Every structure is written in structure tokens, then in C-alpha cells.
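Visitor: Input file: entry_30.cif. Contents: mmCIF, N, CA and C atoms.
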```
data_upload
loop_
_atom_site.label_atom_id
_atom_site.label_comp_id
_atom_site.auth_asym_id
_atom_site.auth_seq_id
_atom_site.Cartn_x
_atom_site.Cartn_y
_atom_site.Cartn_z
N MET P 1 18.92 19.54 11.03
CA MET P 1 18.54 18.68 9.92
C MET P 1 17.20 18.02 10.23
N SER P 2 16.26 18.10 9.31
CA SER P 2 14.93 17.56 9.56
C SER P 2 14.89 16.06 9.30
N GLU P 3 14.02 15.40 10.02
CA GLU P 3 13.87 13.96 9.89
C GLU P 3 12.98 13.64 8.69
N THR P 4 13.31 12.60 7.95
CA THR P 4 12.51 12.19 6.81
C THR P 4 11.22 11.55 7.31
N VAL P 5 10.09 11.98 6.76
CA VAL P 5 8.80 11.42 7.15
C VAL P 5 8.43 10.31 6.16
N VAL P 6 8.03 9.19 6.72
CA VAL P 6 7.52 8.07 5.92
C VAL P 6 6.01 8.09 6.09
N TRP P 7 5.31 7.98 5.00
CA TRP P 7 3.84 8.06 5.00
C TRP P 7 3.22 6.73 4.56
N LEU P 8 2.05 6.44 5.11
CA LEU P 8 1.17 5.44 4.51
C LEU P 8 0.30 6.25 3.55
N ALA P 9 0.41 5.99 2.27
CA ALA P 9 -0.35 6.71 1.25
C ALA P 9 -1.37 5.75 0.65
N CYS P 10 -2.65 6.16 0.67
CA CYS P 10 -3.73 5.31 0.16
C CYS P 10 -4.41 5.99 -1.02
N TYR P 11 -4.57 5.24 -2.10
CA TYR P 11 -5.10 5.75 -3.36
C TYR P 11 -6.63 5.73 -3.35
N LYS P 12 -7.21 6.91 -3.55
CA LYS P 12 -8.67 7.04 -3.59
C LYS P 12 -9.15 7.53 -4.95
N GLY P 13 -8.24 7.74 -5.87
CA GLY P 13 -8.58 8.30 -7.17
C GLY P 13 -9.13 7.26 -8.13
N ARG P 14 -9.36 7.71 -9.30
CA ARG P 14 -9.79 6.85 -10.40
C ARG P 14 -8.71 6.91 -11.46
N ALA P 15 -8.29 5.78 -11.94
CA ALA P 15 -7.23 5.74 -12.96
C ALA P 15 -7.72 6.40 -14.24
N GLU P 16 -6.83 7.17 -14.85
CA GLU P 16 -7.18 7.83 -16.11
C GLU P 16 -7.25 6.82 -17.25
N HIS P 17 -6.43 5.80 -17.16
CA HIS P 17 -6.42 4.81 -18.24
C HIS P 17 -7.44 3.71 -17.96
N ARG P 18 -7.76 2.98 -18.98
CA ARG P 18 -8.75 1.91 -18.86
C ARG P 18 -8.03 0.57 -18.77
N GLY P 19 -8.78 -0.48 -18.53
CA GLY P 19 -8.20 -1.81 -18.54
C GLY P 19 -8.26 -2.48 -17.18
N ILE P 20 -7.42 -3.50 -17.03
CA ILE P 20 -7.46 -4.36 -15.86
C ILE P 20 -7.17 -3.60 -14.57
N ALA P 21 -6.27 -2.61 -14.62
CA ALA P 21 -5.93 -1.86 -13.41
C ALA P 21 -7.14 -1.07 -12.91
N ARG P 22 -7.86 -0.45 -13.81
CA ARG P 22 -9.05 0.33 -13.42
C ARG P 22 -10.13 -0.60 -12.88
N ILE P 23 -10.30 -1.74 -13.50
CA ILE P 23 -11.29 -2.73 -13.02
C ILE P 23 -10.88 -3.24 -11.65
N ALA P 24 -9.59 -3.53 -11.46
CA ALA P 24 -9.10 -4.02 -10.17
C ALA P 24 -9.32 -2.97 -9.08
N ASP P 25 -9.09 -1.69 -9.39
CA ASP P 25 -9.36 -0.62 -8.42
C ASP P 25 -10.83 -0.62 -8.01
N TRP P 26 -11.72 -0.69 -8.99
CA TRP P 26 -13.15 -0.67 -8.72
C TRP P 26 -13.57 -1.88 -7.88
N VAL P 27 -13.10 -3.07 -8.26
CA VAL P 27 -13.44 -4.29 -7.53
C VAL P 27 -12.94 -4.20 -6.09
N THR P 28 -11.72 -3.74 -5.90
CA THR P 28 -11.16 -3.62 -4.55
C THR P 28 -12.03 -2.72 -3.68
N ARG P 29 -12.42 -1.57 -4.21
CA ARG P 29 -13.27 -0.65 -3.43
C ARG P 29 -14.62 -1.27 -3.11
N LYS P 30 -15.21 -1.95 -4.07
CA LYS P 30 -16.53 -2.55 -3.85
C LYS P 30 -16.48 -3.70 -2.85
N VAL P 31 -15.52 -4.59 -3.02
CA VAL P 31 -15.41 -5.77 -2.16
C VAL P 31 -15.10 -5.39 -0.72
N THR P 32 -14.21 -4.40 -0.55
CA THR P 32 -13.79 -4.02 0.81
C THR P 32 -14.67 -2.93 1.41
N ARG P 33 -15.63 -2.46 0.62
CA ARG P 33 -16.56 -1.41 1.08
C ARG P 33 -15.81 -0.18 1.57
N GLY P 34 -14.76 0.18 0.86
CA GLY P 34 -13.95 1.33 1.25
C GLY P 34 -13.70 2.24 0.07
N ILE P 35 -13.02 3.33 0.35
CA ILE P 35 -12.73 4.29 -0.72
C ILE P 35 -11.34 4.10 -1.32
N TYR P 36 -10.53 3.24 -0.70
CA TYR P 36 -9.16 3.06 -1.17
C TYR P 36 -9.00 1.75 -1.94
N SER P 37 -8.22 1.83 -3.02
CA SER P 37 -7.99 0.64 -3.83
C SER P 37 -6.52 0.21 -3.84
N HIS P 38 -5.65 1.02 -3.25
CA HIS P 38 -4.21 0.71 -3.28
C HIS P 38 -3.54 1.48 -2.14
N CYS P 39 -2.40 0.96 -1.66
CA CYS P 39 -1.64 1.70 -0.65
C CYS P 39 -0.15 1.49 -0.85
N GLU P 40 0.62 2.43 -0.35
CA GLU P 40 2.07 2.46 -0.52
C GLU P 40 2.71 3.04 0.73
N LEU P 41 3.99 2.77 0.92
CA LEU P 41 4.82 3.51 1.85
C LEU P 41 5.47 4.59 1.00
N ALA P 42 5.38 5.85 1.39
CA ALA P 42 5.86 6.96 0.57
C ALA P 42 6.83 7.85 1.34
N VAL P 43 7.88 8.28 0.64
CA VAL P 43 8.91 9.14 1.23
C VAL P 43 9.10 10.33 0.29
N ALA P 44 8.99 11.56 0.83
CA ALA P 44 9.15 12.76 0.00
C ALA P 44 10.55 12.84 -0.57
N ARG P 45 10.64 13.19 -1.87
CA ARG P 45 11.93 13.31 -2.56
C ARG P 45 12.01 14.63 -3.34
N GLY P 46 11.27 15.62 -2.94
CA GLY P 46 11.26 16.89 -3.66
C GLY P 46 9.95 17.58 -3.42
N GLU P 47 9.66 18.58 -4.25
CA GLU P 47 8.46 19.40 -4.07
C GLU P 47 7.19 18.56 -3.99
N ASN P 48 6.87 17.82 -5.01
CA ASN P 48 5.70 16.95 -4.99
C ASN P 48 6.05 15.59 -5.58
N GLU P 49 7.27 15.13 -5.33
CA GLU P 49 7.68 13.82 -5.80
C GLU P 49 7.97 12.94 -4.60
N TYR P 50 7.50 11.71 -4.70
CA TYR P 50 7.66 10.76 -3.61
C TYR P 50 8.25 9.47 -4.16
N LEU P 51 9.06 8.83 -3.32
CA LEU P 51 9.52 7.48 -3.63
C LEU P 51 8.55 6.54 -2.94
N TYR P 52 7.86 5.75 -3.74
CA TYR P 52 6.85 4.82 -3.25
C TYR P 52 7.44 3.42 -3.15
N TYR P 53 7.09 2.73 -2.09
CA TYR P 53 7.46 1.32 -1.91
C TYR P 53 6.17 0.54 -1.70
N SER P 54 5.95 -0.49 -2.50
CA SER P 54 4.78 -1.33 -2.33
C SER P 54 4.85 -2.50 -3.30
N SER P 55 3.77 -3.26 -3.32
CA SER P 55 3.58 -4.27 -4.34
C SER P 55 2.46 -3.78 -5.23
N SER P 56 2.73 -3.68 -6.51
CA SER P 56 1.79 -3.06 -7.43
C SER P 56 1.32 -4.03 -8.51
N LEU P 57 0.02 -4.05 -8.71
CA LEU P 57 -0.56 -4.82 -9.80
C LEU P 57 -0.02 -4.32 -11.13
N ARG P 58 0.03 -3.00 -11.30
CA ARG P 58 0.49 -2.41 -12.57
C ARG P 58 1.95 -2.77 -12.87
N ASP P 59 2.79 -2.84 -11.80
CA ASP P 59 4.21 -3.15 -11.99
C ASP P 59 4.53 -4.61 -11.72
N ARG P 60 3.52 -5.40 -11.46
CA ARG P 60 3.60 -6.85 -11.31
C ARG P 60 4.37 -7.34 -10.09
N GLY P 61 4.46 -6.49 -9.06
CA GLY P 61 5.10 -6.95 -7.84
C GLY P 61 5.72 -5.86 -7.02
N VAL P 62 6.57 -6.26 -6.08
CA VAL P 62 7.21 -5.33 -5.15
C VAL P 62 8.24 -4.49 -5.92
N ARG P 63 8.15 -3.18 -5.72
CA ARG P 63 9.05 -2.26 -6.41
C ARG P 63 9.10 -0.93 -5.67
N GLY P 64 10.13 -0.15 -5.98
CA GLY P 64 10.22 1.24 -5.56
C GLY P 64 10.02 2.08 -6.80
N LYS P 65 9.31 3.21 -6.68
CA LYS P 65 9.00 3.99 -7.88
C LYS P 65 8.86 5.46 -7.49
N LEU P 66 9.43 6.35 -8.28
CA LEU P 66 9.34 7.78 -8.06
C LEU P 66 8.13 8.32 -8.82
N MET P 67 7.20 8.96 -8.08
CA MET P 67 5.97 9.48 -8.69
C MET P 67 5.49 10.69 -7.89
N PRO P 68 4.60 11.49 -8.49
CA PRO P 68 3.97 12.57 -7.72
C PRO P 68 2.91 12.00 -6.78
N LEU P 69 2.45 12.81 -5.87
CA LEU P 69 1.42 12.40 -4.92
C LEU P 69 0.30 13.44 -4.96
N PRO P 70 -0.55 13.42 -6.00
CA PRO P 70 -1.62 14.41 -6.09
C PRO P 70 -2.60 14.26 -4.92
N GLU P 71 -2.81 15.35 -4.18
CA GLU P 71 -3.64 15.29 -2.98
C GLU P 71 -5.09 14.93 -3.27
N ASN P 72 -5.55 15.17 -4.48
CA ASN P 72 -6.94 14.81 -4.80
C ASN P 72 -7.12 13.32 -5.05
N LYS P 73 -6.00 12.57 -5.15
CA LYS P 73 -6.09 11.13 -5.41
C LYS P 73 -5.53 10.27 -4.30
N TRP P 74 -4.79 10.88 -3.37
CA TRP P 74 -4.12 10.13 -2.31
C TRP P 74 -4.41 10.77 -0.95
N ASP P 75 -4.62 9.94 0.05
CA ASP P 75 -4.64 10.38 1.44
C ASP P 75 -3.40 9.78 2.09
N LYS P 76 -2.79 10.53 3.00
CA LYS P 76 -1.57 10.02 3.62
C LYS P 76 -1.59 10.24 5.13
N LEU P 77 -0.95 9.31 5.82
CA LEU P 77 -0.81 9.35 7.27
C LEU P 77 0.66 9.17 7.61
N PRO P 78 1.19 9.96 8.54
CA PRO P 78 2.60 9.79 8.91
C PRO P 78 2.79 8.52 9.73
N LEU P 79 3.90 7.84 9.47
CA LEU P 79 4.28 6.66 10.24
C LEU P 79 5.50 7.01 11.08
N HIS P 80 5.58 6.48 12.25
CA HIS P 80 6.71 6.77 13.14
C HIS P 80 7.77 5.68 12.95
N VAL P 81 8.38 5.71 11.77
CA VAL P 81 9.41 4.75 11.40
C VAL P 81 10.52 5.51 10.69
N SER P 82 11.66 4.88 10.54
CA SER P 82 12.77 5.53 9.85
C SER P 82 12.84 5.10 8.39
N LEU P 83 13.44 5.94 7.60
CA LEU P 83 13.67 5.62 6.20
C LEU P 83 14.52 4.35 6.07
N GLN P 84 15.47 4.18 6.97
CA GLN P 84 16.33 3.00 6.94
C GLN P 84 15.53 1.72 7.15
N GLU P 85 14.52 1.76 8.02
CA GLU P 85 13.66 0.59 8.24
C GLU P 85 12.90 0.25 6.96
N VAL P 86 12.37 1.26 6.30
CA VAL P 86 11.62 1.05 5.06
C VAL P 86 12.52 0.47 3.98
N GLU P 87 13.69 1.05 3.81
CA GLU P 87 14.61 0.57 2.77
C GLU P 87 15.09 -0.85 3.04
N ALA P 88 15.34 -1.20 4.31
CA ALA P 88 15.76 -2.57 4.65
C ALA P 88 14.63 -3.55 4.36
N PHE P 89 13.39 -3.18 4.71
CA PHE P 89 12.24 -4.03 4.44
C PHE P 89 12.06 -4.21 2.93
N PHE P 90 12.19 -3.11 2.19
CA PHE P 90 12.06 -3.17 0.74
C PHE P 90 13.10 -4.12 0.14
N ARG P 91 14.36 -3.99 0.55
CA ARG P 91 15.41 -4.86 0.01
C ARG P 91 15.10 -6.34 0.30
N GLN P 92 14.50 -6.60 1.43
CA GLN P 92 14.16 -7.98 1.81
C GLN P 92 13.09 -8.56 0.88
N HIS P 93 12.20 -7.71 0.35
CA HIS P 93 11.06 -8.20 -0.44
C HIS P 93 11.10 -7.80 -1.92
N CYS P 94 12.06 -6.98 -2.30
CA CYS P 94 12.14 -6.48 -3.67
C CYS P 94 12.14 -7.64 -4.68
N GLY P 95 11.33 -7.50 -5.70
CA GLY P 95 11.28 -8.51 -6.75
C GLY P 95 10.21 -9.58 -6.55
N LYS P 96 9.60 -9.64 -5.37
CA LYS P 96 8.51 -10.61 -5.19
C LYS P 96 7.36 -10.23 -6.11
N ARG P 97 6.69 -11.21 -6.63
CA ARG P 97 5.60 -11.00 -7.57
C ARG P 97 4.35 -10.50 -6.85
N TYR P 98 3.44 -9.92 -7.64
CA TYR P 98 2.16 -9.47 -7.10
C TYR P 98 1.31 -10.69 -6.77
N ASP P 99 0.65 -10.67 -5.63
CA ASP P 99 -0.14 -11.82 -5.17
C ASP P 99 -1.62 -11.65 -5.54
N TRP P 100 -1.95 -12.07 -6.76
CA TRP P 100 -3.34 -12.02 -7.23
C TRP P 100 -4.25 -12.83 -6.32
N ARG P 101 -3.85 -14.08 -6.05
CA ARG P 101 -4.68 -14.96 -5.24
C ARG P 101 -4.87 -14.41 -3.84
N GLY P 102 -3.83 -13.81 -3.28
CA GLY P 102 -3.93 -13.21 -1.96
C GLY P 102 -4.87 -12.02 -1.95
N ALA P 103 -4.75 -11.18 -2.97
CA ALA P 103 -5.64 -10.02 -3.06
C ALA P 103 -7.09 -10.48 -3.20
N LEU P 104 -7.31 -11.52 -3.99
CA LEU P 104 -8.66 -12.07 -4.11
C LEU P 104 -9.07 -12.80 -2.84
N GLY P 105 -8.08 -13.21 -2.05
CA GLY P 105 -8.35 -13.90 -0.78
C GLY P 105 -9.09 -13.04 0.21
N LEU P 106 -9.10 -11.72 -0.02
CA LEU P 106 -9.93 -10.87 0.82
C LEU P 106 -11.39 -11.29 0.68
N LEU P 107 -11.70 -11.95 -0.44
CA LEU P 107 -13.05 -12.46 -0.68
C LEU P 107 -13.24 -13.87 -0.13
N CYS P 108 -12.23 -14.72 -0.34
CA CYS P 108 -12.44 -16.14 -0.05
C CYS P 108 -11.42 -16.73 0.93
N CYS P 109 -10.86 -15.91 1.80
CA CYS P 109 -9.98 -16.36 2.88
C CYS P 109 -8.80 -17.19 2.40
N ASN P 110 -8.16 -16.75 1.36
CA ASN P 110 -6.96 -17.39 0.84
C ASN P 110 -5.79 -17.06 1.77
N LYS P 111 -5.00 -18.03 2.15
CA LYS P 111 -3.89 -17.82 3.09
C LYS P 111 -2.69 -17.14 2.41
N GLN P 112 -1.83 -16.60 3.24
CA GLN P 112 -0.65 -15.86 2.81
C GLN P 112 0.35 -16.76 2.08
N ARG P 113 0.98 -16.20 1.05
CA ARG P 113 2.08 -16.87 0.34
C ARG P 113 3.36 -16.10 0.64
N GLN P 114 4.41 -16.80 0.95
CA GLN P 114 5.68 -16.16 1.31
C GLN P 114 6.41 -15.55 0.12
N ASP P 115 6.12 -16.04 -1.10
CA ASP P 115 6.86 -15.57 -2.27
C ASP P 115 6.16 -14.46 -3.05
N ARG P 116 4.99 -14.04 -2.59
CA ARG P 116 4.21 -13.01 -3.28
C ARG P 116 3.52 -12.11 -2.27
N LEU P 117 3.27 -10.85 -2.68
CA LEU P 117 2.60 -9.89 -1.81
C LEU P 117 1.65 -9.02 -2.62
N PHE P 118 0.56 -8.56 -2.02
CA PHE P 118 -0.25 -7.51 -2.62
C PHE P 118 -0.02 -6.24 -1.79
N CYS P 119 -0.51 -5.10 -2.24
CA CYS P 119 -0.10 -3.81 -1.69
C CYS P 119 -0.33 -3.66 -0.19
N SER P 120 -1.54 -3.89 0.27
CA SER P 120 -1.83 -3.68 1.69
C SER P 120 -1.16 -4.74 2.55
N GLU P 121 -0.95 -5.91 2.00
CA GLU P 121 -0.21 -6.95 2.71
C GLU P 121 1.24 -6.51 2.90
N PHE P 122 1.83 -5.92 1.87
CA PHE P 122 3.19 -5.39 1.96
C PHE P 122 3.29 -4.36 3.08
N CYS P 123 2.35 -3.40 3.10
CA CYS P 123 2.38 -2.34 4.11
C CYS P 123 2.08 -2.89 5.50
N ALA P 124 1.12 -3.79 5.63
CA ALA P 124 0.79 -4.39 6.92
C ALA P 124 1.94 -5.24 7.44
N GLU P 125 2.60 -5.93 6.55
CA GLU P 125 3.76 -6.73 6.93
C GLU P 125 4.88 -5.82 7.45
N PHE P 126 5.09 -4.70 6.77
CA PHE P 126 6.08 -3.74 7.24
C PHE P 126 5.73 -3.24 8.64
N LEU P 127 4.46 -3.00 8.89
CA LEU P 127 4.01 -2.51 10.20
C LEU P 127 3.94 -3.62 11.25
N GLN P 128 4.33 -4.82 10.86
CA GLN P 128 4.39 -6.00 11.73
C GLN P 128 3.03 -6.38 12.30
N LEU P 129 2.01 -6.27 11.45
CA LEU P 129 0.67 -6.68 11.85
C LEU P 129 0.50 -8.17 11.61
N LYS P 130 -0.10 -8.85 12.57
CA LYS P 130 -0.34 -10.28 12.42
C LYS P 130 -1.33 -10.52 11.29
N GLU P 131 -1.14 -11.63 10.59
CA GLU P 131 -2.00 -12.01 9.47
C GLU P 131 -2.16 -10.83 8.49
N SER P 132 -1.04 -10.33 8.02
CA SER P 132 -1.00 -9.15 7.15
C SER P 132 -1.85 -9.32 5.89
N TRP P 133 -2.08 -10.54 5.47
CA TRP P 133 -2.86 -10.81 4.26
C TRP P 133 -4.35 -10.49 4.44
N ARG P 134 -4.78 -10.23 5.66
CA ARG P 134 -6.19 -9.92 5.91
C ARG P 134 -6.55 -8.45 5.69
N TYR P 135 -5.56 -7.58 5.51
CA TYR P 135 -5.81 -6.14 5.45
C TYR P 135 -6.03 -5.64 4.03
N SER P 136 -7.08 -4.87 3.83
CA SER P 136 -7.30 -4.16 2.58
C SER P 136 -6.72 -2.75 2.76
N PRO P 137 -6.56 -1.99 1.68
CA PRO P 137 -6.08 -0.61 1.83
C PRO P 137 -6.98 0.22 2.77
N SER P 138 -8.28 0.05 2.67
CA SER P 138 -9.20 0.82 3.54
C SER P 138 -9.09 0.39 4.99
N HIS P 139 -8.98 -0.91 5.24
CA HIS P 139 -8.80 -1.39 6.63
C HIS P 139 -7.51 -0.85 7.22
N LEU P 140 -6.45 -0.88 6.43
CA LEU P 140 -5.15 -0.42 6.90
C LEU P 140 -5.19 1.08 7.22
N TYR P 141 -5.83 1.86 6.36
CA TYR P 141 -5.95 3.29 6.60
C TYR P 141 -6.72 3.56 7.90
N ALA P 142 -7.80 2.84 8.11
CA ALA P 142 -8.59 3.03 9.34
C ALA P 142 -7.76 2.69 10.58
N LEU P 143 -7.02 1.61 10.52
CA LEU P 143 -6.21 1.20 11.66
C LEU P 143 -5.11 2.23 11.95
N VAL P 144 -4.36 2.61 10.93
CA VAL P 144 -3.25 3.55 11.14
C VAL P 144 -3.78 4.92 11.56
N SER P 145 -4.91 5.34 11.02
CA SER P 145 -5.46 6.64 11.44
C SER P 145 -5.87 6.61 12.92
N SER P 146 -6.27 5.46 13.43
CA SER P 146 -6.62 5.37 14.85
C SER P 146 -5.37 5.52 15.73
N TRP P 147 -4.21 5.13 15.21
CA TRP P 147 -2.96 5.30 15.97
C TRP P 147 -2.60 6.76 16.13
N GLN P 148 -3.03 7.60 15.19
CA GLN P 148 -2.69 9.01 15.22
C GLN P 148 -3.33 9.74 16.40
N TYR P 149 -4.39 9.19 16.96
CA TYR P 149 -5.15 9.88 17.99
C TYR P 149 -4.99 9.28 19.37
N ARG P 150 -4.04 8.39 19.54
CA ARG P 150 -3.78 7.82 20.85
C ARG P 150 -3.18 8.86 21.77
N PRO P 151 -3.65 8.94 23.04
CA PRO P 151 -3.09 9.92 23.98
C PRO P 151 -1.68 9.58 24.40
#
```
If you convert what's in this file into C-alpha cells, what do you get?

Guide:
Amino acid sequence: MSETVVWLACYKGRAEHRGIARIADWVTRKVTRGIYSHCELAVARGENEYLYYSSSLRDRGVRGKLMPLPENKWDKLPLHVSLQEVEAFFRQHCGKRYDWRGALGLLCCNKQRQDRLFCSEFCAEFLQLKESWRYSPSHLYALVSSWQYRP
């Protein structure tokens, strides 16, 4: 029986729809000087379907969601964690609202709020990184990719 792989998936695409989500993606990339505007913990659930866990601006907070993972829009890195760890972490935070002020705090050093999370903060918190509110999706991708090459 094969082990379930949990991925850090980072969004590098451009939203097809217009509006606040597309603007937020653009602002995130510009402010953080990176190519990623969003990140998720992803678990394969079929051919090209993944169960995503994160805090989403579009969904207004922490949620689990089944979606495809188009390779032209997402980069992914394997995490050495179990599905059970991800699901337990998700249950602990499910329903928390999206942290607008925290996400903007990447600009103005806004401190962490316990009742709200933004996407990279959710993933960094899961990875038990100190001051998880300081990580953008691009910073998190760079950090986790460096773990892949440790001897």
C-alpha cells in the first residue's frame, strides 16, 4: 500500500475571473516580489483531483476543497508529513476567517491574530515555523524547496 503524499502547492497562475481575487493575487506577487500569490496543503484524491487545505480569500477563511491541480498554474513540493497530521491541524483551525489585516501585515508588520489566518500563515503554522504570519507564499516555497536538497 502506497503512502499518501502531502504537498505544499503554490499558485503561480492568473485567475480567469476578474475582481478582488485577481487584484489580491497581483498585489501579493508585487509586494512579496515573488511569483506565487497563494499556497495550500494538497493531497491527491484521484487522477488530477486534490483535496486542498488552506485559508482562502475567495472562500473567506480556512476550508478544505476538492479541485484540480493544473501544472501550468501550480508548483508543488512534497512534505514529509502524514495525512492524519494535516487533517488534525485542519480540524483545529476549520472555520477561522481569512486574515485580511495579517495578509496586509506583510507590508506593515501587523502581528498575528489567533482567530484568523491567511494562506501562507496557515501552511507555515502547520509546518511549525516561528512567527508564521511573516511568510508569504513565495517565501514559504523558497524555504520548503531548500529542505528538499538537504544531505

Visitor: Give me the result of the PyMOL selection byres ((chain P and resi 39-41) around 8) on this file, residue by residue, as a PyMOL selection string.

Guide: chain P and resi 6-12+36-38+42-44+50-55+86+118-123+136-138

Visitor: Let me know the residues the PyMOL selection byres ((chain P and resi 48) around 6) catches in the file above, as a CSV table (one decimal) with N, CA and C atoms, in the coordinates of the input.

Guide:
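File written: selection.csv
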```csv
chain,number,residue,atom,x,y,z
P,46,GLY,N,11.3,15.6,-2.9
P,46,GLY,CA,11.3,16.9,-3.7
P,46,GLY,C,10.0,17.6,-3.4
P,47,GLU,N,9.7,18.6,-4.2
P,47,GLU,CA,8.5,19.4,-4.1
P,47,GLU,C,7.2,18.6,-4.0
P,49,GLU,N,7.3,15.1,-5.3
P,49,GLU,CA,7.7,13.8,-5.8
P,49,GLU,C,8.0,12.9,-4.6
P,50,TYR,N,7.5,11.7,-4.7
P,50,TYR,CA,7.7,10.8,-3.6
P,50,TYR,C,8.2,9.5,-4.2
P,67,MET,N,7.2,9.0,-8.1
P,67,MET,CA,6.0,9.5,-8.7
P,67,MET,C,5.5,10.7,-7.9
P,68,PRO,N,4.6,11.5,-8.5
P,68,PRO,CA,4.0,12.6,-7.7
P,68,PRO,C,2.9,12.0,-6.8
P,69,LEU,N,2.4,12.8,-5.9
P,69,LEU,CA,1.4,12.4,-4.9
P,69,LEU,C,0.3,13.4,-5.0
```

Visitor: Output as a PyMOL selection string all residues of chain P that backbone DSSP marks as helix (DSSP H, G or I).

Guide: chain P and resi 20-32+83-93+100-108+119-126+132-134+137-147

Visitor: Using the chain letters and numbers from this document, which residues of stretch 64-96 of chain P does DSSP assign to strand (DSSP E or B), as a ChimeraX atom specification?

Guide: /P:64-68,74-79

Visitor: Select, from P:Leu129, P:Ala24, P:Val62, P:Val5, the residue with the minimum atom-to-atom distance to P:Gly95, counting all atoms listed in the file.

Guide: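 When distances to P:Gly95 are compared using all atoms listed in the file, the smallest one comes from P:Val62.
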
Visitor: Do a neighbour search on P:Arg14 at 8 Å with only N, CA and C atoms, toss out local chain neighbours closer than 3 positions, and write the hits as a list in words.

Guide: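 Contacts, with the query itself left out: Tyr11, His17, Arg22, Asp25, Trp26, Asn72 and Lys73 of chain P.
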
Visitor: For a test of reading the model, state the distance in Å between atom CA of P:His80 and atom CA of P:Val31, rounded to one decimal.

Guide: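 Between these atoms lies a distance of 29.7 Å.
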
Visitor: When you count only N, CA and C atoms, which of these residues is closest to P:Lys96: P:Arg45, P:Arg60, P:Lys65, P:His139?

Guide: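 Once distances to P:Lys96 are computed over only N, CA and C atoms, the minimum belongs to P:Arg60.
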
Visitor: Please measure the separation of atom N of P:Leu79 and atom CA of P:Ser146, giving the value in Å to one decimal.

Guide: 12.1 Å

Visitor: If you measure from atom CA of P:Arg33 to atom CA of P:Arg63, what distance in Å do you get, rounded to one decimal?

Guide: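 Taking atom CA of P:Arg33 and atom CA of P:Arg63, their separation equals 26.7 Å.
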